[in-house]
Amino acid sequence: MRFAIGDTDFLLDGQPHRVLSGAIHYFRVHPDLWADRIRKAKLMGLNTVETYVAWNAHEATPGTFDFTGGLDLGRFLDLVEAEGMHAIVRPGPYICAEWTNGGLPFWLFTDGTVGIRRDEPQFLAAVGRYLDALAPILVPRQIDAGGPIVLVQVENEYGAYGSDPVYLEKLERMHRDIGLTVPFTSVDQPMDSMLEDGSLPSLHKTGSFGSRSTERLARLRQAQPTGPLMCSEFWDGWFDSWGEHHHTTSAAASASDLDDLLAAGGSVNIYMFHGGTNFGFTNGANDKGVYRPIATSYDYDAPLDEAGRPTEKFHAFRDVIARYAPVPELPAAMQPGGSGRLAPASGPAEAPTDGLEARPTPAADVAVRLDRVLPLVDLLPTTTDWTTHETPPTFDQLGAASGFVLYRTEVDLPDGGVLTVGEEVRDRVLVRVDGRTVGVLEREHHDRAIALPPVTGLLELLVEDQGRVDYGPRIGEPKGLIGAVRIGDDVLSRWTVSPLALDPVPEAALEVLRNADLSTGETLAGPVFAMGSFELTDSGADLDRSLALDGFRKGVAWVNGFCLGRYWSRGPQRTLAVPAPVLRAGRNEVVVFEVHASAARTVCMCVEPALGHTEA
């Protein structure tokens with residue numbers, strides 16, 4: 001088959017074709033749920049699935065690529081094809097996506113000499129290596145080779161960042177040189193000169209917007225005089241940041257804007273169809289004068305919620321799409337009021353051959369008491385690899401992309417003192433002396449100083465990266481303690497430093513926890529690890545759940561070794577998503593790392609998520 005850009009339409013084997021796409025980021029969805037989410041996209045009436053490619057997830061260390069498990073992009077694209085759908089791939093190299101560092105590997109920035117997102121030899125050489133690694137995955141999966149890929153986007157909203165046509169020309173040529181032959185696109189907001197600055201005549205311009213569709217398409221037509229009109233990011237919701245409200249948008253208003261877009265003959269990629277989750281330490285952040293880390297949930301108020309269930313927006317969008325294209329019949333599970341759970345196509349013998357009937361939905365929450373408790377210090381031998389330094393190294397100098405780093409030095413302060421960090425803390429520091437917590441330095445509050453009590457002994461600074469900035473000029477900045485650390489006028493030296501191994505937690509650390517004595521009491525004093533177990537039946541283990549940590553303040557949680565991500569009592573989200581494939585029939589294990597303190601030792605494996613309050 002062939003896919004091309006005609007004078008007025010996309011052309012599929014020479015015939016006019018409207019792209020009806022929805023975004024699903026494979027790296028935000030458990031791989032055993034990819035097929036389910038893709039099938040539900042088709043049930044809403046979509047014919048295409050779009051995904052970014054997260055470079056930093058695939059090349060965490062220079063020259064070593066990972067395309068296995070949850071990063072198996074080829075398998076994801078094959079599942080799209082198996083559902084009879086097309087694919088749009090957006091490999092960046094920059095993606096934003098509210099993903100840590102906008103998808104750019106942190107190691108690109110370590111020595112400060114690499115010119116990011118411009119015509120700079122070191123950057124282009126690294127991009128070339130990345131594209132070469134993608135070639136065996138993408139090239140044979142193009143539509144003209146019998147695969148699902150119909151479009152590839154070059155860069156991402158570049159007009160909001162710069163206007164370097166030489167860089168874009170070289171980047172486009174690099175994509176072609178690896179064997180990509182499908183049409184190439186660019187995307188920018190249809191405002192100011194972004195569409196022109198962020199593209200080339202050889203890249204088909206598309207827009208990103210979520211309202212005022214008719215007006216936005218008119219501006220896009222000015223920039224793209226011929227060819228199909230396409231909104232390749234139709235924003236149907238928004239992301240959440242810690243300390244804010246849970247963002248929602250009107251299903252009716254979004255559907256009306258989608259109707260306007262389709263009535264004008266436009267093609268669309270709905271961003272997001274299914275948002276998923278920032279598992280582990282993968283969330284990004286924004287800094288426009290105040291640092292704002294993005295929450296773990298990426299529900300996005302999308303048509304398919306974080307647990308994979310259809311929302312009001314799913315049905316509203318499906319009704320609109322049905323006016324312009326045929327839509328499949330909905331199985332009972334996907335009807336309003338249904339469970340939203342589809343049996344796998346290779347499900348049990350009693351399932352119909354189409355695999356689309358609902359299974360029974362367990363309704364019981366499960367309380368889990370965390371009865372094995374150990375302070376962080378007891379697990380340091382199994383989670384650290386200490387090195388010594390005269391001055392505090394950054395995370396980046398230690399090769400740590402994210403998570404926590406513990407800094408230690410000895411101090412002699414018979415009268416106390418004031419500890420200061422020279423430039424900035426990135427992003428949050430728990431300050432402890434001789435095993436006692438003194439306080440916290442927060443980047444969000446622009447904190448740089450804290451009073452210390454009289455002490456002769458160990459000073460510990462537990463520093464947390466809360467998410468690398470994904471948009472704007474602060475992309476790529478190093479994490480950790482930036483600038484000299486002083487007490488009064490005296491610079492502290494002779495540091496012992498180690499990242500904490502937490503994603504995953506080493507098996508040796510888990511064994512120490514499992515062998516800890518049973519602990520009584522109802523509170524926890526951090527920094528502390530706590531573990532508990534619970535039982536599930538076969539049906540109970542076949543359900544996406546949500547981990548509620550009521551009474552806990554801030555930390556990270558795991559279920560059966562899978563890192564669910566960060567929790568924080570400031571909200572908005574009150575639960576962490578637990579994908580069904582992480583669970584198992586029989587005994588399951590929960591581990592929590594609480595940085596501060598908890599008023600409770602019982603967590604809940606809940607059926608319903610709680611994403612927090614919305615804006616009144």
# chains A, B, ... in the order shown; residues from 1 in each chain; ligands from 1
$ select_by_dssp --residues "stretch 392-462 of chain A" --states "strand (DSSP E or B)" --output "NGL selection string"
:A and (403-413 or 417-421 or 424-426 or 428-433 or 436-442 or 449-452 or 455-462)
$ residues_around --residues "A:Thr48" --least-positions-apart "5" --cutoff "6 Å" --atoms "only C-alpha atoms" --output "VMD selection string"
chain A and resid 20 to 21 85 to 87
$ atom_distance --atom1 "atom CA of A:Thr110" --atom2 "atom CA of A:Ala401"
10.9 Å
$ closest_residue --among "A:Arg494, A:Pro310, A:Ala364, A:Thr296" --to "A:Glu390" --atoms "only C-alpha atoms"
A:Arg494
$ closest_residue --among "A:Pro93, A:Gly207, A:Gly103, A:Gly74" --to "A:Pro148" --atoms "only C-alpha atoms"
A:Gly74
$ residues_around --residues "A:Arg448" --least-positions-apart "4" --cutoff "7 Å" --atoms "only C-alpha atoms" --output "NGL selection string"
:A and (420-421 or 424-425 or 441)
$ write_last_selection --atoms "C-alpha atoms" --output "PDB file, in the first residue's frame"
ATOM      1  CA  THR A 420      23.470  27.408  52.625  1.00  0.00           C
ATOM      2  CA  VAL A 421      23.568  26.086  49.066  1.00  0.00           C
ATOM      3  CA  GLU A 424      20.034  26.369  43.884  1.00  0.00           C
ATOM      4  CA  VAL A 425      18.736  23.065  45.224  1.00  0.00           C
ATOM      5  CA  LEU A 441      14.955  22.858  51.346  1.00  0.00           C
TER       6      LEU A 441
END
$ closest_residue --among "A:Gly472, A:Gly84, A:Gly14, A:Gly422" --to "A:Tyr158" --atoms "only C-alpha atoms"
A:Gly472
$ residues_around --residues "A:Gln573" --least-positions-apart "3" --cutoff "12 Å" --atoms "only C-alpha atoms" --output "VMD selection string"
chain A and resid 239 to 247 277 294 to 299 306 546 to 550 566 to 570 576 to 577 609 to 614
$ decode --residues "stretch 365-388 of chain A" --atoms "N, CA and C atoms" --output "PDB file, in the first residue's frame"
ATOM      1  N   ASP A 365     -12.310  -3.487  47.779  1.00  0.00           N
ATOM      2  CA  ASP A 365     -11.011  -2.932  48.103  1.00  0.00           C
ATOM      3  C   ASP A 365     -10.285  -3.887  49.057  1.00  0.00           C
ATOM      4  N   VAL A 366      -8.962  -3.822  49.052  1.00  0.00           N
ATOM      5  CA  VAL A 366      -8.161  -4.704  49.900  1.00  0.00           C
ATOM      6  C   VAL A 366      -7.240  -3.848  50.761  1.00  0.00           C
ATOM      7  N   ALA A 367      -7.403  -3.948  52.082  1.00  0.00           N
ATOM      8  CA  ALA A 367      -6.518  -3.238  53.000  1.00  0.00           C
ATOM      9  C   ALA A 367      -5.222  -4.020  53.173  1.00  0.00           C
ATOM     10  N   VAL A 368      -4.106  -3.298  53.209  1.00  0.00           N
ATOM     11  CA  VAL A 368      -2.796  -3.931  53.329  1.00  0.00           C
ATOM     12  C   VAL A 368      -2.039  -3.255  54.467  1.00  0.00           C
ATOM     13  N   ARG A 369      -1.744  -4.025  55.498  1.00  0.00           N
ATOM     14  CA  ARG A 369      -0.958  -3.471  56.595  1.00  0.00           C
ATOM     15  C   ARG A 369       0.519  -3.663  56.295  1.00  0.00           C
ATOM     16  N   LEU A 370       1.283  -2.608  56.457  1.00  0.00           N
ATOM     17  CA  LEU A 370       2.728  -2.643  56.240  1.00  0.00           C
ATOM     18  C   LEU A 370       3.391  -2.982  57.570  1.00  0.00           C
ATOM     19  N   ASP A 371       3.723  -4.262  57.747  1.00  0.00           N
ATOM     20  CA  ASP A 371       4.163  -4.726  59.059  1.00  0.00           C
ATOM     21  C   ASP A 371       5.657  -5.055  59.132  1.00  0.00           C
ATOM     22  N   ARG A 372       6.380  -4.847  58.037  1.00  0.00           N
ATOM     23  CA  ARG A 372       7.837  -4.975  58.065  1.00  0.00           C
ATOM     24  C   ARG A 372       8.413  -3.582  57.827  1.00  0.00           C
ATOM     25  N   VAL A 373       9.099  -3.048  58.809  1.00  0.00           N
ATOM     26  CA  VAL A 373       9.521  -1.648  58.777  1.00  0.00           C
ATOM     27  C   VAL A 373      10.999  -1.545  59.137  1.00  0.00           C
ATOM     28  N   LEU A 374      11.753  -0.828  58.277  1.00  0.00           N
ATOM     29  CA  LEU A 374      13.161  -0.586  58.558  1.00  0.00           C
ATOM     30  C   LEU A 374      13.526   0.836  58.138  1.00  0.00           C
ATOM     31  N   PRO A 375      14.331   1.531  58.928  1.00  0.00           N
ATOM     32  CA  PRO A 375      14.784   2.860  58.511  1.00  0.00           C
ATOM     33  C   PRO A 375      15.701   2.748  57.300  1.00  0.00           C
ATOM     34  N   LEU A 376      15.767   3.819  56.546  1.00  0.00           N
ATOM     35  CA  LEU A 376      16.615   3.852  55.356  1.00  0.00           C
ATOM     36  C   LEU A 376      18.032   3.412  55.667  1.00  0.00           C
ATOM     37  N   VAL A 377      18.575   3.820  56.805  1.00  0.00           N
ATOM     38  CA  VAL A 377      19.966   3.521  57.120  1.00  0.00           C
ATOM     39  C   VAL A 377      20.227   2.021  57.118  1.00  0.00           C
ATOM     40  N   ASP A 378      19.225   1.208  57.492  1.00  0.00           N
ATOM     41  CA  ASP A 378      19.421  -0.240  57.536  1.00  0.00           C
ATOM     42  C   ASP A 378      19.514  -0.861  56.141  1.00  0.00           C
ATOM     43  N   LEU A 379      18.996  -0.157  55.127  1.00  0.00           N
ATOM     44  CA  LEU A 379      19.026  -0.686  53.768  1.00  0.00           C
ATOM     45  C   LEU A 379      20.133  -0.061  52.918  1.00  0.00           C
ATOM     46  N   LEU A 380      20.881   0.871  53.476  1.00  0.00           N
ATOM     47  CA  LEU A 380      21.928   1.519  52.691  1.00  0.00           C
ATOM     48  C   LEU A 380      22.979   0.537  52.170  1.00  0.00           C
ATOM     49  N   PRO A 381      23.357  -0.491  52.930  1.00  0.00           N
ATOM     50  CA  PRO A 381      24.369  -1.414  52.371  1.00  0.00           C
ATOM     51  C   PRO A 381      23.930  -2.102  51.081  1.00  0.00           C
ATOM     52  N   THR A 382      22.627  -2.231  50.863  1.00  0.00           N
ATOM     53  CA  THR A 382      22.131  -2.925  49.666  1.00  0.00           C
ATOM     54  C   THR A 382      21.637  -1.971  48.583  1.00  0.00           C
ATOM     55  N   THR A 383      21.645  -0.672  48.851  1.00  0.00           N
ATOM     56  CA  THR A 383      21.101   0.287  47.872  1.00  0.00           C
ATOM     57  C   THR A 383      22.090   1.377  47.487  1.00  0.00           C
ATOM     58  N   THR A 384      23.321   1.303  47.980  1.00  0.00           N
ATOM     59  CA  THR A 384      24.276   2.387  47.729  1.00  0.00           C
ATOM     60  C   THR A 384      25.589   1.857  47.166  1.00  0.00           C
ATOM     61  N   ASP A 385      26.317   2.763  46.530  1.00  0.00           N
ATOM     62  CA  ASP A 385      27.670   2.515  46.030  1.00  0.00           C
ATOM     63  C   ASP A 385      28.444   3.810  46.230  1.00  0.00           C
ATOM     64  N   TRP A 386      29.090   3.932  47.387  1.00  0.00           N
ATOM     65  CA  TRP A 386      29.638   5.208  47.831  1.00  0.00           C
ATOM     66  C   TRP A 386      30.889   5.607  47.063  1.00  0.00           C
ATOM     67  N   THR A 387      31.011   6.908  46.814  1.00  0.00           N
ATOM     68  CA  THR A 387      32.228   7.499  46.281  1.00  0.00           C
ATOM     69  C   THR A 387      32.547   8.746  47.101  1.00  0.00           C
ATOM     70  N   THR A 388      33.793   9.183  47.073  1.00  0.00           N
ATOM     71  CA  THR A 388      34.197  10.358  47.856  1.00  0.00           C
ATOM     72  C   THR A 388      34.547  11.516  46.927  1.00  0.00           C
TER      73      THR A 388
END
